[in-house]
Amino acid sequence: MSAASGVTPDYSASPQYREGRFRNPVTPKFPHGRQMIGLWWKFLAGKRPSTRPPAPPPVQPLTAQMLDAAPDNRLYRLGHSTVLVKLDGGWWLTDPVFSGRASPFSWIGPSRFQAPPIALDQLPPLRGVILSHDHYDHLDRAAIRALAARAGVFVAPLGVGDLLRRWGVDADKVVQLDWWQSIRVGEVELTATPAQHFSGRGAFGRDRTLWASWAIQAPGLKLFFSGDSGYFPGFAEIGERLGPFDLSLIECGAYDPLWEGVHMLPEQTVQAQLDVRGRWLLPIHNATFDLAFHDWNEPMERVLAAAQARAVAISMPMLGQAVDAALPPAVERWWRLPAKDRAVPRAASAERAQGRPR
Ligand code: ZN
Ligand code: ZN
């Protein structure tokens, strides 16, 4: 099913929409009442220092020239869930967040661990931007406004597109879809797929816009992008209907047993990869913002151990590192580097990026 660009679907026609809000098919486990008060207390009392890295994690700097020379099906992780990928000769960007904080304010809220490997204004023109939902660590108003003129299309879940239009993105560049709806842009087909999550930007109310994962099919590459999600049966359905995928970008970070209904534990990330029938797993949503109580590098250690235990192929490139979708680089444990080794010169880090399995 295709949605014509610029047409606003009727939310009430969406099976996900009831009584003014979007809903998950099954209401996920979420902290409530006393648990929530306990969580606020924990936040206010101050977190352990190890929820943030002692120094900025290493980044492979990226230049416009390097991007000019990139072949199709090359991708670069630029941040939290921000991934730049070249498909059918054009650049696509997921959940662009370039601001210093994942927050409505520039002076308070979770700050980034490291600068992005390339500045927003150095990005090439984009064929499209793919959005998963409206949370601040995924939808950065400043980045959207900066990209409004430089991206051909903004593909978003229901309701998020309306927000983009309110922020000044041309209405005819915005496509907003319900789960299982698709849009074709040139040779690239994007299908909004389910996720088990929620939405809301502070005072603007909860669950007024939809959340989604995305199946992206391009010549020579099938990609899955999870957005944010708890573990749920939707992954197996996505695998059945649209899999297998060559590469999956699946969230692994900002989790907690208290809210595993809306963010997977690392072992569940690996199960989700098996369910969607992905060939390689590239975990995202980690090593950029401090949004939970776990150590900043715990997601990488746990997901690596879980993937190895279940013989799941995994790649964890540092931000800015070139990744060929057909052969993602071997795992280098850059999150373990001692602080004195962090300021790696370009040549040395490029060598390391070649990678040998360890
Ligand atoms: Zn979220
Ligand atoms: Zn998130």
# chains A, B, ... in the order shown; residues from 1 in each chain; ligands from 1
$ residues_around --residues "Ile250 in chain A" --least-positions-apart "2" --cutoff "10 Å" --atoms "only C-alpha atoms" --output "MDAnalysis selection string"
chainID A and resid 81 213 224:229 247:248 252:253 264 266 269:270 272:273 281:285
$ select_by_dssp --residues "range 158-226 of chain A" --states "strand (DSSP E)" --output "PDB file with N, CA and C atoms, in the first residue's frame"
ATOM      1  N   VAL A 174       6.653  15.821   3.136  1.00  0.00           N
ATOM      2  CA  VAL A 174       6.399  14.997   4.325  1.00  0.00           C
ATOM      3  C   VAL A 174       5.465  13.835   3.989  1.00  0.00           C
ATOM      4  N   VAL A 175       5.888  12.644   4.335  1.00  0.00           N
ATOM      5  CA  VAL A 175       5.040  11.455   4.174  1.00  0.00           C
ATOM      6  C   VAL A 175       4.892  10.824   5.545  1.00  0.00           C
ATOM      7  N   GLN A 176       3.668  10.662   6.032  1.00  0.00           N
ATOM      8  CA  GLN A 176       3.506   9.996   7.319  1.00  0.00           C
ATOM      9  C   GLN A 176       2.655   8.747   7.153  1.00  0.00           C
ATOM     10  N   LEU A 177       3.132   7.688   7.715  1.00  0.00           N
ATOM     11  CA  LEU A 177       2.540   6.377   7.457  1.00  0.00           C
ATOM     12  C   LEU A 177       2.126   5.676   8.741  1.00  0.00           C
ATOM     13  N   SER A 182       3.584   1.609   3.013  1.00  0.00           N
ATOM     14  CA  SER A 182       4.882   1.786   2.352  1.00  0.00           C
ATOM     15  C   SER A 182       4.888   3.000   1.453  1.00  0.00           C
ATOM     16  N   ILE A 183       6.080   3.474   1.189  1.00  0.00           N
ATOM     17  CA  ILE A 183       6.294   4.537   0.211  1.00  0.00           C
ATOM     18  C   ILE A 183       7.505   4.133  -0.616  1.00  0.00           C
ATOM     19  N   ARG A 184       7.441   4.435  -1.897  1.00  0.00           N
ATOM     20  CA  ARG A 184       8.574   4.137  -2.766  1.00  0.00           C
ATOM     21  C   ARG A 184       9.194   5.455  -3.213  1.00  0.00           C
ATOM     22  N   VAL A 185      10.496   5.582  -3.047  1.00  0.00           N
ATOM     23  CA  VAL A 185      11.216   6.775  -3.489  1.00  0.00           C
ATOM     24  C   VAL A 185      12.313   6.272  -4.420  1.00  0.00           C
ATOM     25  N   VAL A 188      13.962   2.819  -3.821  1.00  0.00           N
ATOM     26  CA  VAL A 188      13.981   2.499  -2.393  1.00  0.00           C
ATOM     27  C   VAL A 188      12.546   2.411  -1.864  1.00  0.00           C
ATOM     28  N   GLU A 189      12.224   1.289  -1.251  1.00  0.00           N
ATOM     29  CA  GLU A 189      10.887   1.126  -0.673  1.00  0.00           C
ATOM     30  C   GLU A 189      10.992   1.101   0.848  1.00  0.00           C
ATOM     31  N   LEU A 190      10.220   1.974   1.488  1.00  0.00           N
ATOM     32  CA  LEU A 190      10.254   2.067   2.948  1.00  0.00           C
ATOM     33  C   LEU A 190       8.898   1.653   3.497  1.00  0.00           C
ATOM     34  N   THR A 191       8.900   0.736   4.438  1.00  0.00           N
ATOM     35  CA  THR A 191       7.651   0.284   5.060  1.00  0.00           C
ATOM     36  C   THR A 191       7.714   0.576   6.562  1.00  0.00           C
ATOM     37  N   ALA A 192       6.726   1.311   7.053  1.00  0.00           N
ATOM     38  CA  ALA A 192       6.631   1.530   8.504  1.00  0.00           C
ATOM     39  C   ALA A 192       6.181   0.209   9.129  1.00  0.00           C
ATOM     40  N   THR A 193       6.903  -0.245  10.125  1.00  0.00           N
ATOM     41  CA  THR A 193       6.574  -1.517  10.763  1.00  0.00           C
ATOM     42  C   THR A 193       6.342  -1.267  12.262  1.00  0.00           C
ATOM     43  N   SER A 213       9.033   1.127  13.645  1.00  0.00           N
ATOM     44  CA  SER A 213      10.320   0.690  13.120  1.00  0.00           C
ATOM     45  C   SER A 213      10.173   0.763  11.596  1.00  0.00           C
ATOM     46  N   TRP A 214      11.254   0.514  10.874  1.00  0.00           N
ATOM     47  CA  TRP A 214      11.201   0.643   9.412  1.00  0.00           C
ATOM     48  C   TRP A 214      11.909  -0.516   8.732  1.00  0.00           C
ATOM     49  N   ALA A 215      11.270  -1.035   7.686  1.00  0.00           N
ATOM     50  CA  ALA A 215      11.923  -1.982   6.783  1.00  0.00           C
ATOM     51  C   ALA A 215      12.259  -1.205   5.514  1.00  0.00           C
ATOM     52  N   ILE A 216      13.514  -1.248   5.131  1.00  0.00           N
ATOM     53  CA  ILE A 216      13.997  -0.418   4.020  1.00  0.00           C
ATOM     54  C   ILE A 216      14.601  -1.346   2.973  1.00  0.00           C
ATOM     55  N   GLN A 217      14.008  -1.345   1.800  1.00  0.00           N
ATOM     56  CA  GLN A 217      14.467  -2.248   0.751  1.00  0.00           C
ATOM     57  C   GLN A 217      15.026  -1.423  -0.399  1.00  0.00           C
ATOM     58  N   ALA A 218      16.316  -1.625  -0.680  1.00  0.00           N
ATOM     59  CA  ALA A 218      16.993  -0.887  -1.756  1.00  0.00           C
ATOM     60  C   ALA A 218      17.679  -1.911  -2.654  1.00  0.00           C
ATOM     61  N   LEU A 221      20.233  -4.340  -0.995  1.00  0.00           N
ATOM     62  CA  LEU A 221      20.287  -4.223   0.471  1.00  0.00           C
ATOM     63  C   LEU A 221      18.886  -4.164   1.084  1.00  0.00           C
ATOM     64  N   LYS A 222      18.669  -5.024   2.068  1.00  0.00           N
ATOM     65  CA  LYS A 222      17.457  -4.922   2.887  1.00  0.00           C
ATOM     66  C   LYS A 222      17.880  -4.616   4.314  1.00  0.00           C
ATOM     67  N   LEU A 223      17.335  -3.525   4.826  1.00  0.00           N
ATOM     68  CA  LEU A 223      17.774  -2.975   6.098  1.00  0.00           C
ATOM     69  C   LEU A 223      16.575  -2.916   7.046  1.00  0.00           C
ATOM     70  N   PHE A 224      16.807  -3.237   8.312  1.00  0.00           N
ATOM     71  CA  PHE A 224      15.769  -3.046   9.321  1.00  0.00           C
ATOM     72  C   PHE A 224      16.274  -2.034  10.337  1.00  0.00           C
ATOM     73  N   PHE A 225      15.425  -1.063  10.682  1.00  0.00           N
ATOM     74  CA  PHE A 225      15.756  -0.021  11.662  1.00  0.00           C
ATOM     75  C   PHE A 225      14.678  -0.086  12.745  1.00  0.00           C
TER      76      PHE A 225
END
$ residues_around --residues "Gly202 in chain A" --least-positions-apart "4" --cutoff "10 Å" --atoms "only C-alpha atoms" --output "PyMOL selection string"
chain A and resi 103-104+135-136+206
$ write_last_selection --atoms "all heavy atoms" --output "PDB file, in the first residue's frame"
ATOM      1  N   SER A 103      16.931  17.066  24.769  1.00  0.00           N
ATOM      2  CA  SER A 103      16.101  17.780  25.723  1.00  0.00           C
ATOM      3  C   SER A 103      15.460  18.978  25.021  1.00  0.00           C
ATOM      4  O   SER A 103      15.985  19.460  24.019  1.00  0.00           O
ATOM      5  CB  SER A 103      17.011  18.264  26.871  1.00  0.00           C
ATOM      6  OG  SER A 103      16.475  19.361  27.553  1.00  0.00           O
ATOM      7  N   PRO A 104      14.330  19.471  25.548  1.00  0.00           N
ATOM      8  CA  PRO A 104      13.765  20.681  24.946  1.00  0.00           C
ATOM      9  C   PRO A 104      14.611  21.920  25.229  1.00  0.00           C
ATOM     10  O   PRO A 104      14.391  22.968  24.645  1.00  0.00           O
ATOM     11  CB  PRO A 104      12.394  20.791  25.606  1.00  0.00           C
ATOM     12  CG  PRO A 104      12.437  19.925  26.808  1.00  0.00           C
ATOM     13  CD  PRO A 104      13.494  18.897  26.584  1.00  0.00           C
ATOM     14  N   HIS A 135      10.364  11.300  20.401  1.00  0.00           N
ATOM     15  CA  HIS A 135      11.176  11.559  21.597  1.00  0.00           C
ATOM     16  C   HIS A 135      12.408  12.413  21.257  1.00  0.00           C
ATOM     17  O   HIS A 135      12.935  12.349  20.160  1.00  0.00           O
ATOM     18  CB  HIS A 135      11.601  10.238  22.253  1.00  0.00           C
ATOM     19  CG  HIS A 135      10.482   9.593  23.029  1.00  0.00           C
ATOM     20  ND1 HIS A 135      10.418   8.241  23.275  1.00  0.00           N
ATOM     21  CD2 HIS A 135       9.382  10.141  23.622  1.00  0.00           C
ATOM     22  CE1 HIS A 135       9.330   7.970  23.976  1.00  0.00           C
ATOM     23  NE2 HIS A 135       8.685   9.106  24.201  1.00  0.00           N
ATOM     24  N   TYR A 136      12.868  13.184  22.245  1.00  0.00           N
ATOM     25  CA  TYR A 136      13.950  14.150  22.003  1.00  0.00           C
ATOM     26  C   TYR A 136      15.259  13.511  21.542  1.00  0.00           C
ATOM     27  O   TYR A 136      16.042  14.145  20.850  1.00  0.00           O
ATOM     28  CB  TYR A 136      14.213  14.975  23.267  1.00  0.00           C
ATOM     29  CG  TYR A 136      13.154  16.019  23.494  1.00  0.00           C
ATOM     30  CD1 TYR A 136      12.107  15.790  24.379  1.00  0.00           C
ATOM     31  CD2 TYR A 136      13.182  17.224  22.797  1.00  0.00           C
ATOM     32  CE1 TYR A 136      11.116  16.735  24.574  1.00  0.00           C
ATOM     33  CE2 TYR A 136      12.201  18.178  22.979  1.00  0.00           C
ATOM     34  CZ  TYR A 136      11.173  17.935  23.870  1.00  0.00           C
ATOM     35  OH  TYR A 136      10.184  18.871  24.047  1.00  0.00           O
ATOM     36  N   ARG A 206       0.913  12.660  25.967  1.00  0.00           N
ATOM     37  CA  ARG A 206       1.481  11.352  25.712  1.00  0.00           C
ATOM     38  C   ARG A 206       0.759  10.657  24.562  1.00  0.00           C
ATOM     39  O   ARG A 206      -0.469  10.722  24.475  1.00  0.00           O
ATOM     40  CB  ARG A 206       1.333  10.558  27.026  1.00  0.00           C
ATOM     41  CG  ARG A 206       1.735   9.154  26.983  1.00  0.00           C
ATOM     42  CD  ARG A 206       3.080   8.914  27.605  1.00  0.00           C
ATOM     43  NE  ARG A 206       3.357   7.486  27.464  1.00  0.00           N
ATOM     44  CZ  ARG A 206       3.476   6.651  28.483  1.00  0.00           C
ATOM     45  NH1 ARG A 206       3.423   7.106  29.709  1.00  0.00           N
ATOM     46  NH2 ARG A 206       3.701   5.379  28.268  1.00  0.00           N
TER      47      ARG A 206
END
$ atom_distance --atom1 "CA of Ile314 in chain A" --atom2 "CA of Trp92 in chain A"
22.1 Å
$ residues_near_ligand --ligand "ligand 1" --cutoff "12 Å" --atoms "only C-alpha atoms and all ligand atoms" --output "PyMOL selection string"
chain A and resi 80-81+95+102+131-139+195-201+206-207+209-213+226-230+251-255+259+261-264+285+291
$ closest_residue --among "A:Arg74, A:Arg112, A:Arg23, A:Arg241" --to "Ala55 in chain A" --atoms "only C-alpha atoms"
A:Arg112
$ closest_residue --among "A:Val323, A:Ala115, A:Ala292, A:Ala156" --to "ligand 2" --atoms "only C-alpha atoms and all ligand atoms"
A:Ala292
$ residues_around --residues "Pro116 in chain A" --least-positions-apart "3" --cutoff "12 Å" --atoms "only C-alpha atoms" --output "CSV table (one decimal) with all heavy atoms, in the first residue's frame"
chain,number,residue,atom,x,y,z
A,56,PRO,N,35.4,11.6,26.4
A,56,PRO,CA,34.6,11.4,25.2
A,56,PRO,C,35.0,10.1,24.5
A,56,PRO,O,36.2,9.9,24.3
A,56,PRO,CB,34.8,12.6,24.3
A,56,PRO,CG,35.3,13.7,25.2
A,56,PRO,CD,36.1,13.0,26.3
A,57,PRO,N,34.1,9.2,24.1
A,57,PRO,CA,34.5,8.0,23.4
A,57,PRO,C,35.1,8.3,22.0
A,57,PRO,O,34.8,9.4,21.5
A,57,PRO,CB,33.1,7.2,23.2
A,57,PRO,CG,32.2,7.9,24.2
A,57,PRO,CD,32.7,9.3,24.4
A,58,PRO,N,35.9,7.5,21.5
A,58,PRO,CA,36.5,7.8,20.2
A,58,PRO,C,35.5,7.9,19.1
A,58,PRO,O,34.5,7.2,19.0
A,58,PRO,CB,37.5,6.7,20.0
A,58,PRO,CG,37.0,5.5,20.8
A,58,PRO,CD,36.3,6.1,21.9
A,59,VAL,N,35.8,8.8,18.1
A,59,VAL,CA,35.0,9.0,17.0
A,59,VAL,C,35.9,9.0,15.7
A,59,VAL,O,37.1,9.5,15.8
A,59,VAL,CB,34.3,10.4,17.1
A,59,VAL,CG1,33.7,10.9,15.8
A,59,VAL,CG2,33.2,10.4,18.2
A,60,GLN,N,35.5,8.5,14.7
A,60,GLN,CA,36.2,8.6,13.4
A,60,GLN,C,35.7,9.8,12.6
A,60,GLN,O,34.6,9.8,12.2
A,60,GLN,CB,36.0,7.3,12.6
A,60,GLN,CG,36.6,7.2,11.2
A,60,GLN,CD,38.0,6.7,11.3
A,60,GLN,OE1,38.3,5.7,11.8
A,60,GLN,NE2,38.9,7.5,10.8
A,61,PRO,N,36.5,10.8,12.5
A,61,PRO,CA,36.0,12.0,11.9
A,61,PRO,C,35.7,11.7,10.4
A,61,PRO,O,36.3,11.0,9.7
A,61,PRO,CB,37.2,13.0,12.0
A,61,PRO,CG,38.1,12.5,13.0
A,61,PRO,CD,37.9,11.0,13.0
A,62,LEU,N,34.6,12.4,9.9
A,62,LEU,CA,34.1,12.2,8.6
A,62,LEU,C,34.1,13.5,7.9
A,62,LEU,O,33.8,14.5,8.4
A,62,LEU,CB,32.7,11.7,8.7
A,62,LEU,CG,32.2,10.3,8.4
A,62,LEU,CD1,30.7,10.2,8.4
A,62,LEU,CD2,32.7,9.9,7.0
A,63,THR,N,34.5,13.5,6.6
A,63,THR,CA,34.5,14.7,5.8
A,63,THR,C,33.5,14.5,4.6
A,63,THR,O,33.2,13.4,4.2
A,63,THR,CB,35.9,15.0,5.2
A,63,THR,OG1,36.2,14.0,4.3
A,63,THR,CG2,36.9,15.1,6.3
A,76,TYR,N,27.2,4.9,7.9
A,76,TYR,CA,28.0,5.5,9.0
A,76,TYR,C,27.1,5.8,10.1
A,76,TYR,O,26.0,6.4,10.0
A,76,TYR,CB,28.6,6.8,8.6
A,76,TYR,CG,29.5,6.7,7.3
A,76,TYR,CD1,29.0,6.9,6.1
A,76,TYR,CD2,30.9,6.6,7.5
A,76,TYR,CE1,29.8,6.8,4.9
A,76,TYR,CE2,31.7,6.5,6.4
A,76,TYR,CZ,31.2,6.6,5.1
A,76,TYR,OH,32.0,6.6,4.0
A,77,ARG,N,27.4,5.3,11.3
A,77,ARG,CA,26.6,5.7,12.5
A,77,ARG,C,27.2,7.0,12.9
A,77,ARG,O,28.4,7.2,13.1
A,77,ARG,CB,26.8,4.6,13.6
A,77,ARG,CG,25.9,4.9,14.8
A,77,ARG,CD,25.9,3.9,15.9
A,77,ARG,NE,25.3,4.4,17.0
A,77,ARG,CZ,25.5,4.1,18.3
A,77,ARG,NH1,26.4,3.1,18.5
A,77,ARG,NH2,24.9,4.6,19.3
A,78,LEU,N,26.3,8.0,13.1
A,78,LEU,CA,26.7,9.4,13.4
A,78,LEU,C,26.3,9.8,14.9
A,78,LEU,O,26.8,10.8,15.4
A,78,LEU,CB,26.0,10.4,12.5
A,78,LEU,CG,26.3,10.2,11.0
A,78,LEU,CD1,25.7,11.4,10.2
A,78,LEU,CD2,27.8,10.1,10.7
A,79,GLY,N,25.5,8.9,15.5
A,79,GLY,CA,25.1,9.3,16.9
A,79,GLY,C,24.2,8.2,17.5
A,79,GLY,O,24.3,7.0,17.1
A,80,HIS,N,23.4,8.6,18.4
A,80,HIS,CA,22.5,7.7,19.2
A,80,HIS,C,21.8,6.7,18.2
A,80,HIS,O,22.2,5.5,18.2
A,80,HIS,CB,21.5,8.6,19.9
A,80,HIS,CG,20.8,8.0,21.0
A,80,HIS,ND1,21.3,7.4,22.0
A,80,HIS,CD2,19.4,8.0,21.2
A,80,HIS,CE1,20.4,7.0,22.9
A,80,HIS,NE2,19.2,7.4,22.4
A,81,SER,N,20.8,7.1,17.5
A,81,SER,CA,20.1,6.3,16.5
A,81,SER,C,20.2,6.9,15.2
A,81,SER,O,19.4,6.7,14.3
A,81,SER,CB,18.6,6.1,16.9
A,81,SER,OG,18.6,5.3,18.1
A,82,THR,N,21.2,7.8,15.0
A,82,THR,CA,21.4,8.6,13.8
A,82,THR,C,22.4,7.8,12.9
A,82,THR,O,23.6,7.6,13.2
A,82,THR,CB,22.0,9.9,14.1
A,82,THR,OG1,21.2,10.6,15.1
A,82,THR,CG2,22.1,10.8,12.9
A,83,VAL,N,21.9,7.3,11.8
A,83,VAL,CA,22.7,6.5,10.8
A,83,VAL,C,22.5,7.1,9.4
A,83,VAL,O,21.4,7.3,9.0
A,83,VAL,CB,22.3,5.0,10.9
A,83,VAL,CG1,23.1,4.2,9.8
A,83,VAL,CG2,22.5,4.4,12.3
A,84,LEU,N,23.6,7.3,8.8
A,84,LEU,CA,23.7,7.8,7.4
A,84,LEU,C,23.9,6.6,6.5
A,84,LEU,O,24.9,5.9,6.7
A,84,LEU,CB,24.8,8.9,7.3
A,84,LEU,CG,25.0,9.6,6.0
A,84,LEU,CD1,23.7,10.5,5.7
A,84,LEU,CD2,26.2,10.4,6.0
A,96,PRO,N,17.8,12.0,12.8
A,96,PRO,CA,18.9,12.9,13.0
A,96,PRO,C,18.9,13.7,14.3
A,96,PRO,O,18.0,14.5,14.5
A,96,PRO,CB,18.8,13.8,11.7
A,96,PRO,CG,17.4,13.7,11.3
A,96,PRO,CD,16.9,12.4,11.7
A,97,VAL,N,19.9,13.5,15.1
A,97,VAL,CA,20.0,14.3,16.4
A,97,VAL,C,21.5,14.8,16.4
A,97,VAL,O,22.4,14.0,16.4
A,97,VAL,CB,19.7,13.4,17.6
A,97,VAL,CG1,20.0,14.3,18.9
A,97,VAL,CG2,18.3,13.0,17.6
A,98,PHE,N,21.6,16.1,16.3
A,98,PHE,CA,23.0,16.7,16.3
A,98,PHE,C,23.1,17.7,17.5
A,98,PHE,O,24.2,18.2,17.7
A,98,PHE,CB,23.2,17.4,15.0
A,98,PHE,CG,23.5,16.5,13.8
A,98,PHE,CD1,22.4,15.8,13.2
A,98,PHE,CD2,24.8,16.2,13.4
A,98,PHE,CE1,22.7,14.9,12.2
A,98,PHE,CE2,25.0,15.3,12.4
A,98,PHE,CZ,24.0,14.6,11.8
A,99,SER,N,22.0,18.0,18.2
A,99,SER,CA,22.1,18.9,19.3
A,99,SER,C,22.9,18.4,20.4
A,99,SER,O,23.1,17.1,20.5
A,99,SER,CB,20.7,19.2,19.8
A,99,SER,OG,20.0,20.0,18.8
A,100,GLY,N,23.4,19.3,21.3
A,100,GLY,CA,24.2,18.9,22.4
A,100,GLY,C,23.5,18.2,23.5
A,100,GLY,O,24.1,17.5,24.3
A,112,ARG,N,25.4,15.1,25.2
A,112,ARG,CA,26.1,14.1,24.4
A,112,ARG,C,27.5,13.8,25.0
A,112,ARG,O,28.1,14.7,25.5
A,112,ARG,CB,26.4,14.7,23.0
A,112,ARG,CG,25.2,14.7,22.1
A,112,ARG,CD,25.7,15.2,20.7
A,112,ARG,NE,26.3,14.1,20.0
A,112,ARG,CZ,25.8,13.5,18.9
A,112,ARG,NH1,24.6,13.9,18.5
A,112,ARG,NH2,26.4,12.5,18.3
A,113,PHE,N,27.9,12.5,24.8
A,113,PHE,CA,29.2,12.1,25.3
A,113,PHE,C,30.3,12.7,24.3
A,113,PHE,O,31.5,12.8,24.8
A,113,PHE,CB,29.3,10.6,25.3
A,113,PHE,CG,28.4,9.9,26.2
A,113,PHE,CD1,28.2,8.5,26.1
A,113,PHE,CD2,27.7,10.6,27.2
A,113,PHE,CE1,27.3,7.9,27.0
A,113,PHE,CE2,26.9,9.9,28.1
A,113,PHE,CZ,26.7,8.5,28.0
A,119,ALA,N,29.7,17.6,11.1
A,119,ALA,CA,28.8,18.6,11.5
A,119,ALA,C,27.6,18.5,10.5
A,119,ALA,O,27.7,18.1,9.4
A,119,ALA,CB,29.4,20.0,11.4
A,120,LEU,N,26.4,19.0,11.1
A,120,LEU,CA,25.2,19.0,10.3
A,120,LEU,C,25.3,19.7,9.0
A,120,LEU,O,24.9,19.2,7.9
A,120,LEU,CB,24.1,19.6,11.2
A,120,LEU,CG,22.7,19.6,10.8
A,120,LEU,CD1,22.2,18.2,10.5
A,120,LEU,CD2,21.9,20.2,12.0
A,121,ASP,N,26.0,20.8,9.0
A,121,ASP,CA,26.1,21.6,7.8
A,121,ASP,C,27.1,21.1,6.8
A,121,ASP,O,27.2,21.6,5.6
A,121,ASP,CB,26.4,23.1,8.0
A,121,ASP,CG,27.7,23.3,8.8
A,121,ASP,OD1,28.5,22.4,8.9
A,121,ASP,OD2,27.9,24.5,9.2
A,122,GLN,N,27.8,20.0,7.2
A,122,GLN,CA,28.8,19.4,6.2
A,122,GLN,C,28.1,18.1,5.5
A,122,GLN,O,28.8,17.5,4.7
A,122,GLN,CB,30.0,18.9,7.0
A,122,GLN,CG,30.9,20.0,7.5
A,122,GLN,CD,31.4,20.9,6.4
A,122,GLN,OE1,32.1,20.4,5.5
A,122,GLN,NE2,31.1,22.1,6.4
A,123,LEU,N,26.9,17.8,5.9
A,123,LEU,CA,26.3,16.6,5.3
A,123,LEU,C,26.0,16.9,3.9
A,123,LEU,O,25.6,18.0,3.5
A,123,LEU,CB,25.0,16.3,6.1
A,123,LEU,CG,25.1,15.7,7.5
A,123,LEU,CD1,23.7,15.5,8.0
A,123,LEU,CD2,25.8,14.3,7.4
A,287,ALA,N,25.9,4.7,23.9
A,287,ALA,CA,27.2,5.4,23.8
A,287,ALA,C,27.1,6.8,23.3
A,287,ALA,O,28.1,7.4,22.8
A,287,ALA,CB,28.2,4.6,22.9
A,288,THR,N,26.0,7.5,23.5
A,288,THR,CA,25.8,8.9,23.1
A,288,THR,C,25.2,9.7,24.2
A,288,THR,O,25.6,10.8,24.4
A,288,THR,CB,25.0,8.9,21.8
A,288,THR,OG1,25.4,7.9,20.9
A,288,THR,CG2,25.1,10.3,21.1
A,318,MET,N,32.7,2.3,15.6
A,318,MET,CA,32.7,3.5,16.4
A,318,MET,C,31.9,4.6,15.5
A,318,MET,O,31.7,4.4,14.3
A,318,MET,CB,34.1,4.0,16.8
A,318,MET,CG,35.0,4.4,15.7
A,318,MET,SD,36.5,5.1,16.4
A,318,MET,CE,37.5,3.6,16.7
A,319,LEU,N,31.5,5.7,16.1
A,319,LEU,CA,30.8,6.7,15.4
A,319,LEU,C,31.7,7.2,14.2
A,319,LEU,O,32.9,7.5,14.5
A,319,LEU,CB,30.4,7.9,16.3
A,319,LEU,CG,29.4,7.6,17.4
A,319,LEU,CD1,28.8,8.9,17.9
A,319,LEU,CD2,28.3,6.6,17.0
A,320,GLY,N,31.2,7.3,13.0
A,320,GLY,CA,31.9,7.8,11.9
A,320,GLY,C,32.7,6.7,11.1
A,320,GLY,O,33.1,7.0,10.0
A,321,GLN,N,32.8,5.5,11.6
A,321,GLN,CA,33.5,4.5,11.0
A,321,GLN,C,32.7,4.0,9.7
A,321,GLN,O,31.5,3.8,9.8
A,321,GLN,CB,33.7,3.3,11.9
A,321,GLN,CG,34.6,2.2,11.3
A,321,GLN,CD,34.8,1.1,12.4
A,321,GLN,OE1,34.8,1.3,13.6
A,321,GLN,NE2,35.1,-0.1,11.9
$ select_by_dssp --residues "range 41-221 of chain A" --states "alpha helix (DSSP H)" --output "list in words"
Trp41, Lys42, Phe43, Leu44, Ala45, Ala64, Gln65, Met66, Leu67, Asp68, Arg141, Ala142, Ala143, Ile144, Arg145, Ala146, Leu147, Val160, Gly161, Asp162, Leu163, Leu164, Arg165 and Arg166 of chain A
$ residues_around --residues "Asp295 in chain A" --least-positions-apart "6" --cutoff "12 Å" --atoms "only C-alpha atoms" --output "JSON, numbers by chain"
{"A": [47, 48, 49, 50, 51, 52, 53, 54, 253, 254, 255, 256, 286, 287, 289, 301, 302, 335]}
